[in-house]
Structure formats: C-alpha cells, structure tokens
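Data block for input17.pdb (PDB, C-alpha atoms and all ligand atoms):
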ATOM      1  CA  MET A 127      30.716 116.870-147.580
ATOM      2  CA  ASN A 128      33.916 118.700-148.645
ATOM      3  CA  ARG A 129      35.783 120.717-146.094
ATOM      4  CA  SER A 130      34.953 124.383-145.902
ATOM      5  CA  ILE A 131      37.461 127.209-145.728
ATOM      6  CA  SER A 132      36.738 130.130-143.423
ATOM      7  CA  ILE A 133      37.586 133.282-145.395
ATOM      8  CA  VAL A 134      36.579 135.718-142.648
ATOM      9  CA  PRO A 135      34.577 134.815-139.522
ATOM     10  CA  GLY A 136      31.088 133.857-140.719
ATOM     11  CA  PHE A 137      32.039 133.645-144.384
ATOM     12  CA  ASP A 138      32.722 130.045-145.355
ATOM     13  CA  LEU A 139      33.601 128.616-148.748
ATOM     14  CA  TRP A 140      33.195 125.041-149.995
ATOM     15  CA  PRO A 141      35.342 124.948-153.151
ATOM     16  CA  GLY A 142      33.996 122.625-155.849
ATOM     17  CA  LEU A 143      31.263 121.238-153.623
ATOM     18  CA  LEU A 144      28.909 120.569-156.547
ATOM     19  CA  ASP A 145      30.220 118.147-159.137
ATOM     20  CA  LEU A 146      29.766 118.707-162.878
ATOM     21  CA  ARG A 147      26.673 116.523-163.035
ATOM     22  CA  VAL A 148      24.910 118.487-160.299
ATOM     23  CA  GLN A 149      26.001 121.760-161.906
ATOM     24  CA  ALA A 150      24.600 120.692-165.292
ATOM     25  CA  ASP A 151      21.286 119.597-163.731
ATOM     26  CA  LEU A 152      20.982 122.910-161.909
ATOM     27  CA  ILE A 153      21.707 124.902-165.060
ATOM     28  CA  GLU A 154      19.017 122.933-166.894
ATOM     29  CA  THR A 155      16.547 123.808-164.118
ATOM     30  CA  VAL A 156      17.641 127.454-164.297
ATOM     31  CA  ARG A 157      17.181 127.463-168.091
ATOM     32  CA  ALA A 158      13.587 126.253-167.695
ATOM     33  CA  ALA A 159      12.990 128.898-165.021
ATOM     34  CA  PHE A 160      14.269 131.590-167.401
ATOM     35  CA  GLU A 161      11.484 130.619-169.809
ATOM     36  CA  ALA A 162       8.734 130.656-167.171
ATOM     37  CA  ALA A 163      10.042 133.710-165.320
ATOM     38  CA  PRO A 164      12.360 135.675-167.636
ATOM     39  CA  PRO A 165      15.386 137.260-165.948
ATOM     40  CA  ALA A 166      15.047 141.022-165.781
ATOM     41  CA  ARG A 167      17.473 143.861-165.235
ATOM     42  CA  TYR A 168      15.764 145.733-162.442
ATOM     43  CA  GLU A 169      16.120 149.391-161.730
ATOM     44  CA  THR A 170      17.775 150.320-158.495
ATOM     45  CA  ALA A 171      16.154 152.839-156.184
ATOM     46  CA  TYR A 172      18.444 155.367-157.919
ATOM     47  CA  GLY A 173      16.729 154.690-161.268
ATOM     48  CA  LYS A 174      19.660 152.965-162.965
ATOM     49  CA  ALA A 175      19.267 149.522-164.562
ATOM     50  CA  MET A 176      21.450 146.837-162.973
ATOM     51  CA  SER A 177      23.881 144.992-165.254
ATOM     52  CA  VAL A 178      22.880 141.658-163.680
ATOM     53  CA  ALA A 179      19.594 140.058-164.824
ATOM     54  CA  MET A 180      17.552 138.353-162.092
ATOM     55  CA  THR A 181      14.763 135.908-161.495
ATOM     56  CA  SER A 182      13.838 133.684-158.562
ATOM     57  CA  PHE A 183      12.656 130.271-157.415
ATOM     58  CA  GLY A 184      10.276 129.716-154.529
ATOM     59  CA  PRO A 185       7.351 131.491-152.873
ATOM     60  CA  LEU A 186       9.132 134.853-152.892
ATOM     61  CA  GLY A 187      11.329 136.592-155.431
ATOM     62  CA  TRP A 188      13.472 139.646-155.057
ATOM     63  CA  THR A 189      12.538 142.620-157.215
ATOM     64  CA  SER A 190      13.425 146.265-157.385
ATOM     65  CA  ASP A 191      12.120 149.439-158.929
ATOM     66  CA  LYS A 192      12.090 153.145-158.140
ATOM     67  CA  ALA A 193       9.883 152.408-155.122
ATOM     68  CA  GLY A 194      12.696 150.314-153.643
ATOM     69  CA  TYR A 195      13.814 146.743-153.087
ATOM     70  CA  ARG A 196      11.464 144.049-151.849
ATOM     71  CA  TYR A 197      10.412 140.426-151.957
ATOM     72  CA  ALA A 198       7.265 139.799-153.995
ATOM     73  CA  ASP A 199       5.171 136.669-154.550
ATOM     74  CA  ARG A 200       4.879 137.299-158.307
ATOM     75  CA  HIS A 201       7.162 137.952-161.234
ATOM     76  CA  PRO A 202       6.571 141.638-162.057
ATOM     77  CA  GLY A 203       6.630 140.977-165.818
ATOM     78  CA  THR A 204       4.408 137.895-166.134
ATOM     79  CA  GLY A 205       2.259 138.396-163.013
ATOM     80  CA  ARG A 206       2.688 134.682-162.253
ATOM     81  CA  SER A 207       4.197 132.945-159.232
ATOM     82  CA  TRP A 208       7.896 132.209-159.338
ATOM     83  CA  PRO A 209       8.981 128.685-160.417
ATOM     84  CA  ASP A 210       9.052 126.115-157.606
ATOM     85  CA  MET A 211      12.168 125.822-155.511
ATOM     86  CA  PRO A 212      14.113 122.804-156.866
ATOM     87  CA  GLN A 213      14.539 119.905-154.442
ATOM     88  CA  ALA A 214      18.338 120.009-154.856
ATOM     89  CA  LEU A 215      18.337 123.540-153.433
ATOM     90  CA  LEU A 216      16.086 122.563-150.525
ATOM     91  CA  ASP A 217      18.460 119.699-149.739
ATOM     92  CA  LEU A 218      21.554 121.895-149.850
ATOM     93  CA  TRP A 219      19.920 124.450-147.553
ATOM     94  CA  ALA A 220      18.894 121.742-145.073
ATOM     95  CA  GLU A 221      22.533 120.700-144.901
ATOM     96  CA  LEU A 222      24.335 124.046-144.880
ATOM     97  CA  GLY A 223      21.628 126.662-144.293
ATOM     98  CA  ASP A 224      19.153 125.729-141.598
ATOM     99  CA  PRO A 225      17.970 122.197-140.743
ATOM    100  CA  ASP A 226      14.512 123.269-139.496
ATOM    101  CA  THR A 227      13.298 126.187-141.587
ATOM    102  CA  PRO A 228      13.253 125.915-145.385
ATOM    103  CA  PRO A 229      14.350 128.775-147.630
ATOM    104  CA  ASP A 230      11.456 130.772-149.110
ATOM    105  CA  SER A 231      13.460 132.406-151.880
ATOM    106  CA  ALA A 232      16.290 131.592-154.256
ATOM    107  CA  LEU A 233      17.527 134.592-156.178
ATOM    108  CA  VAL A 234      19.035 133.680-159.544
ATOM    109  CA  ASN A 235      21.534 136.188-160.925
ATOM    110  CA  LEU A 236      22.687 136.038-164.544
ATOM    111  CA  TYR A 237      25.990 137.763-165.302
ATOM    112  CA  ARG A 238      26.837 138.141-168.968
ATOM    113  CA  ASP A 239      30.278 139.391-170.024
ATOM    114  CA  ASP A 240      30.551 142.792-168.401
ATOM    115  CA  ALA A 241      27.979 142.484-165.634
ATOM    116  CA  ARG A 242      29.029 143.286-162.096
ATOM    117  CA  MET A 243      27.419 143.899-158.748
ATOM    118  CA  GLY A 244      28.416 146.790-156.527
ATOM    119  CA  LEU A 245      29.206 146.342-152.845
ATOM    120  CA  HIS A 246      26.010 145.896-150.858
ATOM    121  CA  GLN A 247      24.540 144.198-147.809
ATOM    122  CA  ASP A 248      21.736 141.612-148.011
ATOM    123  CA  ARG A 249      19.318 143.212-145.619
ATOM    124  CA  ASP A 250      15.854 142.791-147.120
ATOM    125  CA  GLU A 251      15.310 139.568-145.146
ATOM    126  CA  ALA A 252      13.297 139.668-141.925
ATOM    127  CA  ASP A 253      15.607 137.618-139.730
ATOM    128  CA  PRO A 254      19.403 137.798-140.178
ATOM    129  CA  ARG A 255      19.841 134.752-137.973
ATOM    130  CA  PHE A 256      19.253 132.771-141.158
ATOM    131  CA  PRO A 257      22.300 132.584-143.425
ATOM    132  CA  VAL A 258      22.522 133.340-147.122
ATOM    133  CA  LEU A 259      23.842 130.388-149.117
ATOM    134  CA  SER A 260      25.422 131.117-152.493
ATOM    135  CA  ILE A 261      26.032 128.749-155.413
ATOM    136  CA  SER A 262      28.306 129.722-158.298
ATOM    137  CA  LEU A 263      27.795 128.223-161.766
ATOM    138  CA  GLY A 264      29.597 128.963-165.030
ATOM    139  CA  ASP A 265      32.237 131.646-165.451
ATOM    140  CA  THR A 266      34.506 132.463-162.509
ATOM    141  CA  ALA A 267      33.665 135.606-160.539
ATOM    142  CA  ILE A 268      35.988 138.008-158.786
ATOM    143  CA  PHE A 269      33.984 138.305-155.576
ATOM    144  CA  ARG A 270      34.673 140.975-152.961
ATOM    145  CA  ILE A 271      33.845 140.795-149.274
ATOM    146  CA  GLY A 272      34.353 143.354-146.520
ATOM    147  CA  GLY A 273      32.945 143.981-143.093
ATOM    148  CA  THR A 274      29.616 145.233-141.817
ATOM    149  CA  ALA A 275      30.533 148.880-142.438
ATOM    150  CA  ARG A 276      30.973 150.150-145.990
ATOM    151  CA  LYS A 277      34.367 151.653-145.143
ATOM    152  CA  ASP A 278      35.770 148.397-143.709
ATOM    153  CA  PRO A 279      38.668 146.849-145.650
ATOM    154  CA  THR A 280      37.695 144.306-148.297
ATOM    155  CA  ARG A 281      39.382 141.343-149.883
ATOM    156  CA  SER A 282      38.669 139.585-153.144
ATOM    157  CA  LEU A 283      38.575 135.929-154.053
ATOM    158  CA  ARG A 284      37.591 133.856-157.039
ATOM    159  CA  LEU A 285      34.338 131.938-157.039
ATOM    160  CA  SER A 286      34.359 129.113-159.606
ATOM    161  CA  SER A 287      31.647 126.872-160.970
ATOM    162  CA  GLY A 288      30.467 124.433-158.299
ATOM    163  CA  ASP A 289      31.688 126.540-155.380
ATOM    164  CA  VAL A 290      29.251 127.146-152.510
ATOM    165  CA  CYS A 291      29.713 129.874-149.922
ATOM    166  CA  ARG A 292      27.764 131.064-146.917
ATOM    167  CA  LEU A 293      27.273 134.403-145.212
ATOM    168  CA  SER A 294      26.261 133.808-141.637
ATOM    169  CA  GLY A 295      26.766 135.055-138.092
ATOM    170  CA  PRO A 296      29.256 137.937-137.991
ATOM    171  CA  ALA A 297      29.432 138.014-141.815
ATOM    172  CA  ARG A 298      25.693 137.787-142.469
ATOM    173  CA  LEU A 299      25.486 141.541-143.007
ATOM    174  CA  ALA A 300      28.964 141.933-144.506
ATOM    175  CA  PHE A 301      29.282 144.137-147.574
ATOM    176  CA  HIS A 302      29.944 142.052-150.681
ATOM    177  CA  GLY A 303      29.785 142.292-154.455
ATOM    178  CA  VAL A 304      31.154 141.025-157.746
ATOM    179  CA  ASP A 305      33.912 143.136-159.349
ATOM    180  CA  ARG A 306      33.661 141.256-162.633
ATOM    181  CA  ILE A 307      33.450 137.830-164.162
ATOM    182  CA  LEU A 308      36.093 136.126-166.299
ATOM    183  CA  PRO A 309      34.251 135.581-169.604
ATOM    184  CA  GLY A 310      34.891 132.215-171.235
ATOM    185  CA  SER A 311      36.335 130.598-168.101
ATOM    186  CA  SER A 312      33.538 128.003-168.214
ATOM    187  CA  SER A 313      31.225 126.627-170.895
ATOM    188  CA  LEU A 314      28.462 125.559-168.497
ATOM    189  CA  VAL A 315      25.978 128.402-169.033
ATOM    190  CA  PRO A 316      24.217 128.382-172.429
ATOM    191  CA  GLY A 317      25.107 131.657-174.126
ATOM    192  CA  GLY A 318      28.026 132.144-171.733
ATOM    193  CA  GLY A 319      28.457 133.929-168.454
ATOM    194  CA  ARG A 320      27.842 133.164-164.825
ATOM    195  CA  VAL A 321      24.760 132.174-162.823
ATOM    196  CA  ASN A 322      24.713 132.723-159.076
ATOM    197  CA  ILE A 323      21.920 131.321-156.940
ATOM    198  CA  THR A 324      21.458 132.649-153.417
ATOM    199  CA  LEU A 325      19.194 130.765-151.044
ATOM    200  CA  ARG A 326      17.530 132.897-148.437
ATOM    201  CA  ARG A 327      14.860 132.958-145.769
ATOM    202  CA  ALA A 328      13.095 136.249-146.559
ATOM    203  CA  LYS A 329      10.134 136.083-144.145
ATOM    204  CA  ALA A 330      10.409 135.388-140.453
ATOM    205  CA  ALA A 331      10.010 131.678-139.636
TER     206      ALA A 331
HETATM  207  C1  LIG A 401      24.512 138.662-154.523
HETATM  208  O1  LIG A 401      25.132 139.291-153.669
HETATM  209  O2  LIG A 401      23.281 138.682-154.627
HETATM  210  C2  LIG A 401      25.234 137.849-155.543
HETATM  211  C3  LIG A 401      26.603 137.460-155.203
HETATM  212  C4  LIG A 401      27.211 136.681-156.312
HETATM  213  O3  LIG A 401      26.800 136.812-157.467
HETATM  214  O4  LIG A 401      28.160 135.914-156.062
HETATM  215 FE   FE2 A 402      24.105 140.010-151.981
END

How does this structure look as structure tokens?
Ligand code: SIN
Ligand code: FE2
Amino acid sequence: MNRSISIVPGFDLWPGLLDLRVQADLIETVRAAFEAAPPARYETAYGKAMSVAMTSFGPLGWTSDKAGYRYADRHPGTGRSWPDMPQALLDLWAELGDPDTPPDSALVNLYRDDARMGLHQDRDEADPRFPVLSISLGDTAIFRIGGTARKDPTRSLRLSSGDVCRLSGPARLAFHGVDRILPGSSSLVPGGGRVNITLRRAKAA
C-alpha cells in the first residue's frame, strides 16, 4: 500500500494508489452502472439543479429533491435497486475504511466540463465514526477542504486520477467541495470529465 499524506488531521491522501488497470476496470463498472441507474442532476433543497450528475452502488443511494437530502434504496428514476457494490470497492473499504463493517453506499459523481460542488459537510450518514473514502478517476479536480465550521480557513489541492483520500476522525465532518475540474487532463472517462466515487456507511452498523 502506498504511503499516505496527511493534509490536515483526519484528511489523508494516497496519491496514485490505483494503477491505470484498476482505474480502467472501475470506469468500465461505472459505465455499466450508468446504463442500469442513469446519473441524475438532483435538485438541492433550494430547488436548484446541481451541476454534478449522480448515481450510486450498493443497498443505499444518495438522492435529493425539494423535500431534502436522503439515502434511498431505489433509483428515483427507474424505481429499481441500485447496482451492486463492486468487489474492488468492498476490498478498498476493508483496507482503508473499516475492517469490520462494510460500506452500504457508494455515491458516484460525474463532473463534466464546468461542473463543481459547493462547500458542504457529509452529514446524512447515521454514524460519523465511519470514514468517507473517496476515489478520483479521470480529469483532475481542484478540491477544497476546510474545518468543521463553514467560516474556517480552507485550502485547495489537486486530486488526480487514481488518487484515494479519506475523511475521518477530526476531518470527518470537515467542509469540502470541488472548485472545478481541469477538462482534458485525462482521457479515462468516456465522453470526458471526472468521476468521483465516495464509499460510505449510511446506516448505523
Ligand atoms: C463529494 O463531496 O461528494 C465529492 C467530492 C469529490 O468529488 O471529490
Ligand atoms: Fe461530500
């Protein structure tokens, strides 16, 4: 396992952890998931469509509409269960997430050219003792991370294809977001752009 870099306490980065072969296999799995469970641009609670399109793997998927954010056991468009969690993601979580409790959701974010994600906390999960594990694929992102209060200072860093990072402990509820992606910095994603997969434990163990 590559060495990790601690960016701020609780926020660790494994640069280039996934080699090109693993990245390509994951993107193929994501492409199949996009057919079974098409990525959607959800509305925020404020009624504005997000620029990032999302789908999920696993028993639970994250969705949003005017009623608010939540985890649901079905894709809101197709009414079907989400695609199964790929074994490669279960294995990565067992190593870097939690050895005893499997993830019950993997949120897949698709960023095309001008998509971005505003600063937010991941707080729809029942138990913040479980980390959030993030995998970057395709175009490089300018990622921003701050503290647990919105007004805390932030810093930005680049997340490249194959990088894995983890929000845990004191950074589990840190504000974070994606300022922008660098279009054309990778050719991994069919049609271009960036895919981010976040592994989570949504329900209490
Ligand atoms: C997220 O916060 O859900 C996504 C972060 C990322 O795309 O790197
Ligand atoms: Fe997040």

### Task
Mind checking which residues fall within 9 Å of Leu222 of chain A, counting only C-alpha atoms, ignoring those fewer than 4 positions away in the same chain, and posting them as a ChimeraX atom specification?
/A:217-218,257,259,292

Q.
Could you list, as a ChimeraX atom specification, every residue matched by the PyMOL selection byres (((chain A and resi 263-267) around 9) and not hetatm) in this structure?
A. /A:149-150,152-153,237,261-262,268-269,283-289,304-315,318-323

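If you look at atom CA of Tyr197 of chain A and atom C3 of ligand LIG 401 (chain A), they are 16.8 Å away from each other.
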
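Nearest residue to ligand LIG 401 (chain A), choosing from A:Asp278, A:Gly272, A:Ala331, A:Leu233 and counting only C-alpha atoms and all ligand atoms: A:Leu233.
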
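Comparing the minimum interatomic distances between Asp138 of chain A and each of A:Gly303, A:Gly194, A:Pro316, A:Gly223, counting all atoms listed in the file, we find that A:Gly223 sits nearest.
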
Legend entry - Expected answer as a PyMOL selection string: residues within 8 Å of ligand FE2 402 (chain A), all atoms listed in the file: chain A and resi 246-248+301-303+324
